[in-house]
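So this one's my_file.pdb, PDB, C-alpha atoms:
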```pdb
ATOM      1  CA  MET A 379    -113.997  65.560 -23.636
ATOM      2  CA  PRO A 380    -112.680  64.672 -20.196
ATOM      3  CA  GLU A 381    -115.092  62.323 -18.456
ATOM      4  CA  LEU A 382    -115.479  61.169 -14.869
ATOM      5  CA  PRO A 383    -112.061  59.453 -14.531
ATOM      6  CA  GLU A 384    -110.198  62.447 -15.925
ATOM      7  CA  VAL A 385    -112.064  64.961 -13.759
ATOM      8  CA  ASP A 386    -111.556  62.706 -10.745
ATOM      9  CA  ALA A 387    -107.819  62.659 -11.464
ATOM     10  CA  VAL A 388    -107.701  66.459 -11.553
ATOM     11  CA  VAL A 389    -109.548  66.771  -8.236
ATOM     12  CA  ARG A 390    -107.444  64.137  -6.467
ATOM     13  CA  THR A 391    -104.118  65.530  -7.645
ATOM     14  CA  LEU A 392    -104.966  69.203  -7.098
ATOM     15  CA  ALA A 393    -106.369  68.752  -3.595
ATOM     16  CA  PRO A 394    -103.007  68.355  -1.793
ATOM     17  CA  HIS A 395    -101.777  71.595  -3.374
ATOM     18  CA  VAL A 396    -104.776  73.847  -2.740
ATOM     19  CA  VAL A 397    -106.981  72.601   0.118
ATOM     20  CA  GLY A 398    -106.292  74.733   3.178
ATOM     21  CA  ARG A 399    -104.436  77.300   1.051
ATOM     22  CA  ALA A 400    -105.404  80.808   0.036
ATOM     23  CA  VAL A 401    -105.752  81.670  -3.644
ATOM     24  CA  HIS A 402    -105.130  85.119  -5.119
ATOM     25  CA  LEU A 403    -106.300  85.843  -8.648
ATOM     26  CA  LEU A 404    -103.335  87.121 -10.636
ATOM     27  CA  HIS A 405    -104.639  87.005 -14.175
ATOM     28  CA  LEU A 406    -107.929  86.693 -16.047
ATOM     29  CA  GLY A 407    -107.301  86.868 -19.755
ATOM     30  CA  ARG A 408    -110.859  86.981 -21.059
ATOM     31  CA  ALA A 409    -114.332  87.377 -19.617
ATOM     32  CA  ASP A 410    -116.004  85.067 -22.121
ATOM     33  CA  ILE A 411    -114.702  81.957 -20.352
ATOM     34  CA  LEU A 412    -117.098  82.748 -17.496
ATOM     35  CA  GLU A 413    -120.585  81.290 -17.309
ATOM     36  CA  PRO A 414    -123.314  82.219 -17.709
ATOM     37  CA  ALA A 415    -122.218  83.992 -20.880
ATOM     38  CA  GLY A 416    -122.251  87.758 -20.621
ATOM     39  CA  ARG A 417    -122.801  87.785 -16.863
ATOM     40  CA  PHE A 418    -119.819  90.058 -16.308
ATOM     41  CA  GLY A 419    -119.747  91.704 -19.722
ATOM     42  CA  SER A 420    -116.850  91.382 -22.143
ATOM     43  CA  ASP A 421    -114.120  93.191 -20.212
ATOM     44  CA  ALA A 422    -112.007  90.864 -18.092
ATOM     45  CA  GLN A 423    -110.847  93.840 -16.018
ATOM     46  CA  ALA A 424    -114.455  94.444 -14.939
ATOM     47  CA  VAL A 425    -114.879  90.988 -13.420
ATOM     48  CA  PRO A 426    -114.869  91.197  -9.602
ATOM     49  CA  PRO A 427    -111.860  89.131  -8.447
ATOM     50  CA  GLU A 428    -113.925  87.789  -5.546
ATOM     51  CA  ALA A 429    -116.129  85.970  -8.060
ATOM     52  CA  LEU A 430    -113.065  83.883  -8.896
ATOM     53  CA  LEU A 431    -112.287  83.075  -5.253
ATOM     54  CA  HIS A 432    -109.726  85.880  -4.811
ATOM     55  CA  ARG A 433    -108.352  85.873  -1.243
ATOM     56  CA  GLY A 434    -110.411  82.799  -0.452
ATOM     57  CA  VAL A 435    -109.097  79.792   1.440
ATOM     58  CA  ILE A 436    -109.972  76.555  -0.343
ATOM     59  CA  ALA A 437    -111.912  74.300   2.022
ATOM     60  CA  ARG A 438    -112.517  71.431  -0.385
ATOM     61  CA  LEU A 439    -112.670  70.289  -3.970
ATOM     62  CA  LEU A 440    -115.757  68.435  -5.135
ATOM     63  CA  ARG A 441    -116.629  66.251  -8.109
ATOM     64  CA  ARG A 442    -119.931  64.933  -9.376
ATOM     65  CA  GLY A 443    -119.888  63.228 -12.734
ATOM     66  CA  LYS A 444    -117.842  65.446 -15.062
ATOM     67  CA  HIS A 445    -118.396  68.514 -12.872
ATOM     68  CA  MET A 446    -115.870  69.780 -10.347
ATOM     69  CA  ALA A 447    -115.637  72.799  -8.105
ATOM     70  CA  ALA A 448    -113.494  74.538  -5.518
ATOM     71  CA  ILE A 449    -115.290  75.789  -2.404
ATOM     72  CA  THR A 450    -113.861  78.344  -0.003
ATOM     73  CA  HIS A 451    -114.267  78.615   3.762
ATOM     74  CA  ASP A 452    -116.708  81.507   3.238
ATOM     75  CA  ASP A 453    -118.834  79.240   0.993
ATOM     76  CA  ARG A 454    -118.042  80.765  -2.381
ATOM     77  CA  ALA A 455    -117.711  78.211  -5.150
ATOM     78  CA  LEU A 456    -116.053  78.090  -8.543
ATOM     79  CA  GLU A 457    -117.277  75.393 -10.889
ATOM     80  CA  VAL A 458    -114.696  74.342 -13.475
ATOM     81  CA  HIS A 459    -115.600  72.656 -16.762
ATOM     82  CA  LEU A 460    -112.759  71.332 -18.891
ATOM     83  CA  GLY A 461    -114.761  71.098 -22.118
ATOM     84  CA  MET A 462    -112.766  69.369 -24.859
ATOM     85  CA  THR A 463    -109.248  70.617 -24.187
ATOM     86  CA  GLY A 464    -109.348  72.355 -20.814
ATOM     87  CA  GLN A 465    -106.615  71.911 -18.209
ATOM     88  CA  TRP A 466    -106.618  72.889 -14.534
ATOM     89  CA  PHE A 467    -103.247  72.248 -12.993
ATOM     90  CA  ILE A 468    -100.584  73.405 -10.579
ATOM     91  CA  THR A 469     -97.152  74.615 -11.656
ATOM     92  CA  THR A 470     -94.052  76.138 -10.092
ATOM     93  CA  GLN A 471     -92.976  77.896 -13.268
ATOM     94  CA  PRO A 472     -92.438  81.663 -12.982
ATOM     95  CA  PRO A 473     -95.592  83.683 -13.721
ATOM     96  CA  GLU A 474     -94.094  85.318 -16.808
ATOM     97  CA  GLN A 475     -93.488  81.883 -18.337
ATOM     98  CA  VAL A 476     -96.997  80.710 -17.485
ATOM     99  CA  LEU A 477     -98.597  83.802 -18.998
ATOM    100  CA  ALA A 478     -96.505  83.454 -22.158
ATOM    101  CA  VAL A 479     -98.176  80.118 -22.952
ATOM    102  CA  LYS A 480    -101.046  80.564 -25.407
ATOM    103  CA  HIS A 481    -104.604  79.963 -24.206
ATOM    104  CA  THR A 482    -103.780  80.511 -20.539
ATOM    105  CA  HIS A 483    -107.031  82.120 -19.410
ATOM    106  CA  ALA A 484    -106.787  82.340 -15.608
ATOM    107  CA  VAL A 485    -103.962  82.127 -13.081
ATOM    108  CA  TRP A 486    -104.102  82.116  -9.285
ATOM    109  CA  ALA A 487    -101.251  82.245  -6.793
ATOM    110  CA  VAL A 488    -101.522  79.618  -4.068
ATOM    111  CA  ALA A 489    -100.149  80.593  -0.668
ATOM    112  CA  GLU A 490    -100.426  79.988   3.051
ATOM    113  CA  PRO A 491    -103.588  81.659   4.397
ATOM    114  CA  ASN A 492    -101.677  84.439   6.160
ATOM    115  CA  ALA A 493     -99.308  85.205   3.290
ATOM    116  CA  THR A 494     -99.401  88.667   1.740
ATOM    117  CA  PRO A 495    -100.986  88.428  -1.727
ATOM    118  CA  ALA A 496     -99.105  89.650  -4.769
ATOM    119  CA  PRO A 497    -100.859  92.609  -6.424
ATOM    120  CA  ALA A 498    -100.119  91.395  -9.947
ATOM    121  CA  ALA A 499     -98.472  88.590 -11.880
ATOM    122  CA  SER A 500     -94.787  89.052 -11.305
ATOM    123  CA  ALA A 501     -91.664  87.178 -10.342
ATOM    124  CA  ALA A 502     -92.439  88.065  -6.731
ATOM    125  CA  ALA A 503     -95.825  86.358  -6.772
ATOM    126  CA  PRO A 504     -96.290  83.550  -4.271
ATOM    127  CA  ARG A 505     -95.953  80.109  -5.749
ATOM    128  CA  PRO A 506     -97.153  77.588  -6.770
ATOM    129  CA  LEU A 507     -99.577  78.826  -9.401
ATOM    130  CA  LEU A 508    -102.963  77.345 -10.244
ATOM    131  CA  VAL A 509    -103.640  77.593 -13.978
ATOM    132  CA  PHE A 510    -106.742  77.230 -16.154
ATOM    133  CA  ARG A 511    -105.857  76.763 -19.813
ATOM    134  CA  ASP A 512    -108.138  75.817 -22.705
ATOM    135  CA  PRO A 513    -106.997  76.008 -26.351
ATOM    136  CA  ARG A 514    -110.414  75.410 -27.914
ATOM    137  CA  ARG A 515    -112.419  77.352 -25.310
ATOM    138  CA  PHE A 516    -115.211  74.808 -24.868
ATOM    139  CA  GLY A 517    -114.461  74.804 -21.141
ATOM    140  CA  ASN A 518    -115.507  77.518 -18.717
ATOM    141  CA  LEU A 519    -115.437  78.824 -15.163
ATOM    142  CA  LYS A 520    -118.759  79.303 -13.385
ATOM    143  CA  PRO A 521    -118.709  81.396 -10.196
ATOM    144  CA  TRP A 522    -121.285  80.754  -7.471
ATOM    145  CA  ALA A 523    -121.823  83.139  -4.567
ATOM    146  CA  SER A 524    -123.187  80.215  -2.556
ATOM    147  CA  ALA A 525    -121.925  76.635  -2.603
ATOM    148  CA  PRO A 526    -125.351  75.294  -1.467
ATOM    149  CA  ASP A 527    -126.914  76.930  -4.534
ATOM    150  CA  MET A 528    -124.406  75.142  -6.761
ATOM    151  CA  LEU A 529    -125.034  71.795  -5.074
ATOM    152  CA  ALA A 530    -128.795  72.261  -5.401
ATOM    153  CA  HIS A 531    -128.286  72.937  -9.106
ATOM    154  CA  TRP A 532    -126.275  69.731  -9.414
ATOM    155  CA  ASP A 533    -128.989  67.786  -7.605
ATOM    156  CA  ALA A 534    -131.632  69.145  -9.985
ATOM    157  CA  HIS A 535    -129.739  68.593 -13.231
ATOM    158  CA  LEU A 536    -127.389  65.637 -12.779
ATOM    159  CA  GLY A 537    -128.194  61.960 -12.512
ATOM    160  CA  PRO A 538    -126.472  59.554 -10.127
ATOM    161  CA  ASP A 539    -122.684  59.559 -10.127
ATOM    162  CA  ALA A 540    -121.655  56.849 -12.590
ATOM    163  CA  LEU A 541    -118.795  55.537 -10.464
ATOM    164  CA  HIS A 542    -121.322  54.208  -7.946
ATOM    165  CA  ILE A 543    -124.333  53.502 -10.179
ATOM    166  CA  THR A 544    -126.566  50.611  -9.115
ATOM    167  CA  ALA A 545    -128.741  48.486 -11.356
ATOM    168  CA  GLU A 546    -131.833  49.835  -9.620
ATOM    169  CA  ALA A 547    -130.855  53.482 -10.098
ATOM    170  CA  LEU A 548    -129.853  52.926 -13.714
ATOM    171  CA  ALA A 549    -133.123  51.156 -14.494
ATOM    172  CA  ALA A 550    -135.133  53.919 -12.808
ATOM    173  CA  ASN A 551    -133.355  56.677 -14.727
ATOM    174  CA  LEU A 552    -133.551  54.895 -18.059
ATOM    175  CA  GLY A 553    -137.257  54.374 -17.500
ATOM    176  CA  HIS A 554    -138.974  53.393 -20.730
ATOM    177  CA  THR A 555    -136.825  55.497 -23.033
ATOM    178  CA  LYS A 556    -136.996  54.772 -26.740
ATOM    179  CA  ARG A 557    -133.582  56.362 -27.229
ATOM    180  CA  ALA A 558    -130.607  54.271 -28.216
ATOM    181  CA  ILE A 559    -128.893  53.084 -25.052
ATOM    182  CA  LYS A 560    -125.644  54.829 -26.049
ATOM    183  CA  ALA A 561    -127.484  58.147 -26.387
ATOM    184  CA  ALA A 562    -129.172  57.641 -23.031
ATOM    185  CA  LEU A 563    -125.845  56.959 -21.312
ATOM    186  CA  LEU A 564    -124.457  60.241 -22.650
ATOM    187  CA  ASP A 565    -127.326  62.175 -21.056
ATOM    188  CA  GLN A 566    -125.900  63.599 -17.818
ATOM    189  CA  ALA A 567    -129.397  63.794 -16.327
ATOM    190  CA  VAL A 568    -129.595  59.995 -16.650
ATOM    191  CA  LEU A 569    -126.075  59.214 -15.491
ATOM    192  CA  ALA A 570    -123.444  61.740 -14.444
ATOM    193  CA  GLY A 571    -119.920  61.194 -15.661
ATOM    194  CA  VAL A 572    -120.076  58.883 -18.682
ATOM    195  CA  GLY A 573    -119.095  60.271 -22.064
ATOM    196  CA  ASN A 574    -118.156  58.811 -25.418
ATOM    197  CA  ILE A 575    -115.113  56.830 -24.309
ATOM    198  CA  TYR A 576    -116.544  54.980 -21.358
ATOM    199  CA  ALA A 577    -120.008  54.480 -22.873
ATOM    200  CA  ASP A 578    -118.415  52.542 -25.744
ATOM    201  CA  GLU A 579    -116.241  50.565 -23.342
ATOM    202  CA  ALA A 580    -119.064  49.687 -20.936
ATOM    203  CA  LEU A 581    -121.448  48.637 -23.724
ATOM    204  CA  PHE A 582    -118.761  46.381 -25.168
ATOM    205  CA  ARG A 583    -118.152  44.755 -21.790
ATOM    206  CA  SER A 584    -121.902  44.260 -21.442
ATOM    207  CA  ALA A 585    -122.339  42.790 -24.951
ATOM    208  CA  ILE A 586    -125.032  45.404 -25.641
ATOM    209  CA  HIS A 587    -125.391  47.002 -29.073
ATOM    210  CA  PRO A 588    -125.268  50.809 -28.810
ATOM    211  CA  LEU A 589    -128.382  51.271 -30.980
ATOM    212  CA  ARG A 590    -130.675  49.112 -28.882
ATOM    213  CA  PRO A 591    -133.513  51.140 -27.348
ATOM    214  CA  GLY A 592    -133.001  51.631 -23.651
ATOM    215  CA  ARG A 593    -136.398  50.138 -22.878
ATOM    216  CA  SER A 594    -135.443  46.900 -24.652
ATOM    217  CA  LEU A 595    -132.860  46.018 -21.998
ATOM    218  CA  ARG A 596    -133.931  43.270 -19.664
ATOM    219  CA  PRO A 597    -133.275  43.580 -15.912
ATOM    220  CA  ALA A 598    -130.305  41.230 -16.108
ATOM    221  CA  GLU A 599    -128.782  43.323 -18.909
ATOM    222  CA  VAL A 600    -129.256  46.544 -16.944
ATOM    223  CA  ALA A 601    -127.496  44.916 -13.995
ATOM    224  CA  THR A 602    -124.655  43.763 -16.249
ATOM    225  CA  LEU A 603    -124.372  47.248 -17.759
ATOM    226  CA  ALA A 604    -124.300  48.956 -14.352
ATOM    227  CA  GLU A 605    -121.542  46.597 -13.243
ATOM    228  CA  ALA A 606    -119.589  47.256 -16.448
ATOM    229  CA  ILE A 607    -119.906  51.027 -16.013
ATOM    230  CA  ARG A 608    -118.623  50.846 -12.459
ATOM    231  CA  GLY A 609    -115.832  48.495 -13.457
ATOM    232  CA  VAL A 610    -114.464  50.402 -16.417
ATOM    233  CA  LEU A 611    -114.665  53.716 -14.567
ATOM    234  CA  ALA A 612    -112.910  52.304 -11.492
ATOM    235  CA  GLN A 613    -110.079  50.956 -13.644
ATOM    236  CA  ALA A 614    -109.767  54.247 -15.513
ATOM    237  CA  VAL A 615    -109.774  56.209 -12.234
ATOM    238  CA  ALA A 616    -106.971  53.987 -10.913
ATOM    239  CA  ALA A 617    -104.965  54.722 -14.082
ATOM    240  CA  GLY A 618    -105.525  58.474 -13.863
ATOM    241  CA  GLY A 619    -107.942  58.607 -16.800
ATOM    242  CA  SER A 620    -107.308  58.587 -20.545
ATOM    243  CA  THR A 621    -105.121  61.093 -22.344
ATOM    244  CA  LEU A 622    -105.976  61.232 -26.036
ATOM    245  CA  ARG A 623    -104.422  64.610 -26.736
ATOM    246  CA  ASP A 624    -104.623  67.454 -24.229
ATOM    247  CA  PHE A 625    -105.715  65.984 -20.910
ATOM    248  CA  VAL A 626    -103.397  66.300 -17.903
ATOM    249  CA  ASN A 627    -104.171  65.930 -14.226
ATOM    250  CA  GLY A 628    -103.598  68.551 -11.561
ATOM    251  CA  ASP A 629     -99.873  67.782 -11.502
ATOM    252  CA  GLY A 630     -99.627  68.197 -15.278
ATOM    253  CA  GLU A 631     -99.311  64.442 -15.858
ATOM    254  CA  PRO A 632    -101.209  62.494 -18.563
ATOM    255  CA  GLY A 633    -103.587  59.638 -17.825
ATOM    256  CA  ARG A 634    -102.512  56.051 -18.478
ATOM    257  CA  TYR A 635    -105.758  54.289 -19.392
ATOM    258  CA  SER A 636    -105.738  54.932 -23.152
ATOM    259  CA  ASP A 637    -103.849  51.706 -23.887
ATOM    260  CA  ASN A 638    -106.647  49.741 -22.209
ATOM    261  CA  HIS A 639    -109.419  50.873 -24.564
ATOM    262  CA  GLU A 640    -110.991  47.790 -26.111
ATOM    263  CA  VAL A 641    -113.222  49.479 -28.692
ATOM    264  CA  TYR A 642    -113.094  53.267 -28.374
ATOM    265  CA  GLY A 643    -111.084  54.760 -31.225
ATOM    266  CA  ARG A 644    -110.471  51.323 -32.792
ATOM    267  CA  GLY A 645    -113.053  51.310 -35.586
ATOM    268  CA  GLY A 646    -111.921  49.151 -38.521
ATOM    269  CA  ARG A 647    -109.545  47.105 -36.355
ATOM    270  CA  PRO A 648    -110.073  43.546 -35.140
ATOM    271  CA  CYS A 649    -111.998  42.897 -31.947
ATOM    272  CA  TYR A 650    -109.710  41.734 -29.149
ATOM    273  CA  ARG A 651    -112.223  39.018 -28.229
ATOM    274  CA  CYS A 652    -113.370  37.516 -31.507
ATOM    275  CA  ASN A 653    -111.239  39.136 -34.246
ATOM    276  CA  THR A 654    -114.323  40.551 -36.011
ATOM    277  CA  THR A 655    -113.747  43.982 -37.545
ATOM    278  CA  LEU A 656    -115.049  46.692 -35.233
ATOM    279  CA  GLN A 657    -117.638  48.990 -36.774
ATOM    280  CA  SER A 658    -117.995  52.763 -36.427
ATOM    281  CA  ILE A 659    -121.229  54.714 -36.670
ATOM    282  CA  VAL A 660    -122.271  58.248 -35.748
ATOM    283  CA  LEU A 661    -124.759  58.365 -32.898
ATOM    284  CA  SER A 662    -125.821  61.540 -31.093
ATOM    285  CA  GLN A 663    -123.162  63.336 -33.170
ATOM    286  CA  ARG A 664    -120.471  61.115 -31.649
ATOM    287  CA  THR A 665    -118.415  58.395 -33.290
ATOM    288  CA  THR A 666    -119.476  55.110 -31.733
ATOM    289  CA  VAL A 667    -117.434  51.917 -32.049
ATOM    290  CA  PHE A 668    -118.722  48.421 -31.333
ATOM    291  CA  CYS A 669    -118.241  44.781 -32.266
ATOM    292  CA  PRO A 670    -121.128  43.454 -34.398
ATOM    293  CA  ALA A 671    -120.411  39.899 -33.235
ATOM    294  CA  CYS A 672    -119.942  40.501 -29.514
ATOM    295  CA  GLN A 673    -122.708  43.129 -29.389
ATOM    296  CA  PRO A 674    -125.557  41.812 -31.558
ATOM    297  CA  ARG A 675    -128.253  44.310 -32.574
ATOM    298  CA  ARG A 676    -130.955  41.925 -31.391
ATOM    299  CA  GLY A 677    -130.783  41.299 -27.677
ATOM    300  CA  PRO A 678    -131.049  37.881 -26.049
ATOM    301  CA  ARG A 679    -134.120  35.988 -27.116
ATOM    302  CA  LYS A 680    -137.018  36.228 -24.701
ATOM    303  CA  GLU A 681    -137.751  32.993 -22.921
ATOM    304  CA  PRO A 682    -141.175  31.614 -23.913
ATOM    305  CA  SER A 683    -143.790  31.657 -21.192
ATOM    306  CA  ARG A 684    -144.966  28.421 -19.638
ATOM    307  CA  ALA A 685    -148.261  28.741 -21.503
ATOM    308  CA  THR A 686    -146.545  28.635 -24.902
ATOM    309  CA  ARG A 687    -144.033  25.858 -24.219
TER
END
```
Using structure tokens, write down the structure from this file.
Amino acid sequence: MPELPEVDAVVRTLAPHVVGRAVHLLHLGRADILEPAGRFGSDAQAVPPEALLHRGVIARLLRRGKHMAAITHDDRALEVHLGMTGQWFITTQPPEQVLAVKHTHAVWAVAEPNATPAPAASAAAPRPLLVFRDPRRFGNLKPWASAPDMLAHWDAHLGPDALHITAEALAANLGHTKRAIKAALLDQAVLAGVGNIYADEALFRSAIHPLRPGRSLRPAEVATLAEAIRGVLAQAVAAGGSTLRDFVNGDGEPGRYSDNHEVYGRGGRPCYRCNTTLQSIVLSQRTTVFCPACQPRRGPRKEPSRATR
């Protein structure tokens, strides 16, 4: 599933193409890609185009964690979730070619604000085209009539953005959780933006075993983990994210960080640091890879108090 670096890459690369431009909905292939489910029924033709920003001028694109959205000048918002295989990108291909590609669920024409919108997908439609495609349909589009309502929802349900997480904020959000630290990091209410890839990578950098209870981490370990999260995410953002299979940015280009993964996806191979065989386990229904030597199950030994020395 695309995580913070991948979503950030989409937002950064799409922005030059769409901010300040008008969008005209040309095609909605199915209503069931809209959230909440059933809000507009099952008939795509019955969905009001305005709910999908039709004739709106994009004022800005936003990202928080794995969430991103386009907001128009009249304060409508469209939240876009990529799910496992979703893509949101710009193309200059003719509309008929775009619509011929399987799993293309929504297409908008992007034009100057005063341009006359095309009534339907045709060779005469203004270009470029903004495309939402999702082969496995775990992604979705979530219309909001009010951008402030969307932002309030984000504030209520998402933790701090992982790219800027501090040790203090991470410690406060972990609290005294008994959950495995890997499971806690995947909880978007604890930390927004980290998924399976970057949780494995950050825990490896921090020398923290993924099964250790969150409350067992000492303050110094939480600080080390927060620094590792920021570091690995910043490097992945600079590389445009990780493409494992389907991910492309807003220009249709893959990410370049996959070759830098130290543990993710490398179960059974030697650790780059110590040559120990990396182990794989299933945690929170996700494959988790770690080094049993570099990330011992037992944390650092507690220093004895002065009274017991």
Legend entry - Distance query range 666-673 of chain A at most 12 Å, all atoms listed in the file, self and fewer than 2 positions along chain excluded, as an NGL selection string: :A and (558-561 or 564 or 573-590 or 639-664 or 675-678)
Inset, instruction - Fewer than 5 positions away in the same chain doesn't count, so skip those; otherwise give me all residues within 7 Å of Lys520 in chain A, counting all atoms listed in the file, as a list in words. - result: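 So, after excluding close chain neighbours, the residues are Leu412, Glu413, Pro414, Leu456, Glu457 and Val458 of chain A.
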Inset, instruction - Would you kindly translate the PyMOL selection byres ((chain A and resi 518) around 10) into the concrete residues it picks from this file, as a PyMOL selection string? - result: chain A and resi 409-415+457-461+464+483+510-512+515-517+519-521
Put those residues in a file: C-alpha atoms, as a PDB file, in the coordinates of the input.
```
ATOM      1  CA  ALA A 409    -114.332  87.377 -19.617  1.00  0.00           C
ATOM      2  CA  ASP A 410    -116.004  85.067 -22.121  1.00  0.00           C
ATOM      3  CA  ILE A 411    -114.702  81.957 -20.352  1.00  0.00           C
ATOM      4  CA  LEU A 412    -117.098  82.748 -17.496  1.00  0.00           C
ATOM      5  CA  GLU A 413    -120.585  81.290 -17.309  1.00  0.00           C
ATOM      6  CA  PRO A 414    -123.314  82.219 -17.709  1.00  0.00           C
ATOM      7  CA  ALA A 415    -122.218  83.992 -20.880  1.00  0.00           C
ATOM      8  CA  GLU A 457    -117.277  75.393 -10.889  1.00  0.00           C
ATOM      9  CA  VAL A 458    -114.696  74.342 -13.475  1.00  0.00           C
ATOM     10  CA  HIS A 459    -115.600  72.656 -16.762  1.00  0.00           C
ATOM     11  CA  LEU A 460    -112.759  71.332 -18.891  1.00  0.00           C
ATOM     12  CA  GLY A 461    -114.761  71.098 -22.118  1.00  0.00           C
ATOM     13  CA  GLY A 464    -109.348  72.355 -20.814  1.00  0.00           C
ATOM     14  CA  HIS A 483    -107.031  82.120 -19.410  1.00  0.00           C
ATOM     15  CA  PHE A 510    -106.742  77.230 -16.154  1.00  0.00           C
ATOM     16  CA  ARG A 511    -105.857  76.763 -19.813  1.00  0.00           C
ATOM     17  CA  ASP A 512    -108.138  75.817 -22.705  1.00  0.00           C
ATOM     18  CA  ARG A 515    -112.419  77.352 -25.310  1.00  0.00           C
ATOM     19  CA  PHE A 516    -115.211  74.808 -24.868  1.00  0.00           C
ATOM     20  CA  GLY A 517    -114.461  74.804 -21.141  1.00  0.00           C
ATOM     21  CA  LEU A 519    -115.437  78.824 -15.163  1.00  0.00           C
ATOM     22  CA  LYS A 520    -118.759  79.303 -13.385  1.00  0.00           C
ATOM     23  CA  PRO A 521    -118.709  81.396 -10.196  1.00  0.00           C
TER      24      PRO A 521
END
```
Legend entry - Straight-line distance linking CA of Ala523 in chain A with CA of Gly434 in chain A, stated in Å to one decimal: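 According to the coordinates, CA of Ala523 in chain A and CA of Gly434 in chain A are separated by 12.1 Å.
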Inset, instruction - Find, counting all atoms listed in the file, the residue in A:Val388, A:Ala422, A:Ala616, A:Leu548 that gets nearest to Ala447 in chain A. - result: A:Val388
Near-Leu552 in chain A list (8 Å; all atoms listed in the file; drop same-chain fewer than 4 positions) as an mmCIF file with C-alpha atoms, keeping the file's coordinate frame:
```
data_model
loop_
_atom_site.group_PDB
_atom_site.id
_atom_site.type_symbol
_atom_site.label_atom_id
_atom_site.label_comp_id
_atom_site.auth_asym_id
_atom_site.auth_seq_id
_atom_site.Cartn_x
_atom_site.Cartn_y
_atom_site.Cartn_z
ATOM 1 C CA LEU A 548 -129.853 52.926 -13.714
ATOM 2 C CA ALA A 562 -129.172 57.641 -23.031
ATOM 3 C CA VAL A 568 -129.595 59.995 -16.650
ATOM 4 C CA GLY A 592 -133.001 51.631 -23.651
ATOM 5 C CA ARG A 593 -136.398 50.138 -22.878
#
```
Inset, instruction - Figure out the distance between CA of Val615 in chain A and CA of Phe467 in chain A, please, to one decimal in Å. - result: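 Computed distance, CA of Phe467 in chain A to CA of Val615 in chain A, equals 17.3 Å.
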Legend entry - Contact residues around range 608-611 of chain A with only C-alpha atoms at 7 Å, ignoring same-chain residues under 6 positions, as a list of chain:residue names: A:Pro383, A:Ala540, A:Leu541, A:His542, A:Ile543, A:Ala580
Inset, instruction - Using CA of Ala455 in chain A and CA of Arg441 in chain A as the two end points, give the distance in Å to one decimal. - result: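 Pair CA of Ala455 in chain A / CA of Arg441 in chain A returns 12.4 Å.
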Legend entry - Residues selected by the PyMOL selection byres ((chain A and resi 392-403) around 10), written as a PyMOL selection string: chain A and resi 386-391+404-406+427-440+448-451+466-469+484-499+503-504+506-508+627-630
Inset, instruction - Rank nothing, just name the residue among A:Arg634, A:Ala478, A:Ala525, A:Pro674 nearest to Gln613 in chain A, using all atoms listed in the file. - result: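 Among the listed residues, the smallest separation from Gln613 in chain A belongs to A:Arg634.
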Legend entry - Among the residues A:Ala598, A:Val479, A:Val572, A:Ala567, the one that comes closest to Asp533 in chain A [using all atoms listed in the file]: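 Closest to Asp533 in chain A of all the choices is A:Ala567.
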Inset, instruction - Take the point (-103.2, 61.4, -22.9) in the file's coordinates, draw a sphere of radius 10 Å around it, and report as a ChimeraX atom specification every protein, DNA or RNA residue with an atom inside or on it, counting all atoms listed in the file. - result: /A:384,618-627,631-637
Please rebuild range 588-597 of chain A with N, CA and C atoms and give the result as a PDB file, keeping the file's coordinate frame.
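File written: selection_17.pdb
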```pdb
ATOM      1  N   PRO A 588    -124.994  49.413 -29.184  1.00  0.00           N
ATOM      2  CA  PRO A 588    -125.268  50.809 -28.810  1.00  0.00           C
ATOM      3  C   PRO A 588    -126.579  51.367 -29.339  1.00  0.00           C
ATOM      4  N   LEU A 589    -127.141  50.763 -30.405  1.00  0.00           N
ATOM      5  CA  LEU A 589    -128.382  51.271 -30.980  1.00  0.00           C
ATOM      6  C   LEU A 589    -129.639  50.654 -30.365  1.00  0.00           C
ATOM      7  N   ARG A 590    -129.483  49.707 -29.488  1.00  0.00           N
ATOM      8  CA  ARG A 590    -130.675  49.112 -28.882  1.00  0.00           C
ATOM      9  C   ARG A 590    -131.432  50.145 -28.055  1.00  0.00           C
ATOM     10  N   PRO A 591    -132.748  50.202 -28.184  1.00  0.00           N
ATOM     11  CA  PRO A 591    -133.513  51.140 -27.348  1.00  0.00           C
ATOM     12  C   PRO A 591    -133.309  50.821 -25.872  1.00  0.00           C
ATOM     13  N   GLY A 592    -133.216  51.860 -25.070  1.00  0.00           N
ATOM     14  CA  GLY A 592    -133.001  51.631 -23.651  1.00  0.00           C
ATOM     15  C   GLY A 592    -134.073  50.754 -23.032  1.00  0.00           C
ATOM     16  N   ARG A 593    -135.321  50.908 -23.489  1.00  0.00           N
ATOM     17  CA  ARG A 593    -136.398  50.138 -22.878  1.00  0.00           C
ATOM     18  C   ARG A 593    -136.370  48.665 -23.267  1.00  0.00           C
ATOM     19  N   SER A 594    -135.529  48.305 -24.248  1.00  0.00           N
ATOM     20  CA  SER A 594    -135.443  46.900 -24.652  1.00  0.00           C
ATOM     21  C   SER A 594    -134.537  46.078 -23.742  1.00  0.00           C
ATOM     22  N   LEU A 595    -133.775  46.751 -22.864  1.00  0.00           N
ATOM     23  CA  LEU A 595    -132.860  46.018 -21.998  1.00  0.00           C
ATOM     24  C   LEU A 595    -133.630  45.301 -20.892  1.00  0.00           C
ATOM     25  N   ARG A 596    -133.305  44.048 -20.722  1.00  0.00           N
ATOM     26  CA  ARG A 596    -133.931  43.270 -19.664  1.00  0.00           C
ATOM     27  C   ARG A 596    -133.221  43.571 -18.345  1.00  0.00           C
ATOM     28  N   PRO A 597    -133.879  43.279 -17.214  1.00  0.00           N
ATOM     29  CA  PRO A 597    -133.275  43.580 -15.912  1.00  0.00           C
ATOM     30  C   PRO A 597    -131.864  43.022 -15.755  1.00  0.00           C
TER      31      PRO A 597
END
```
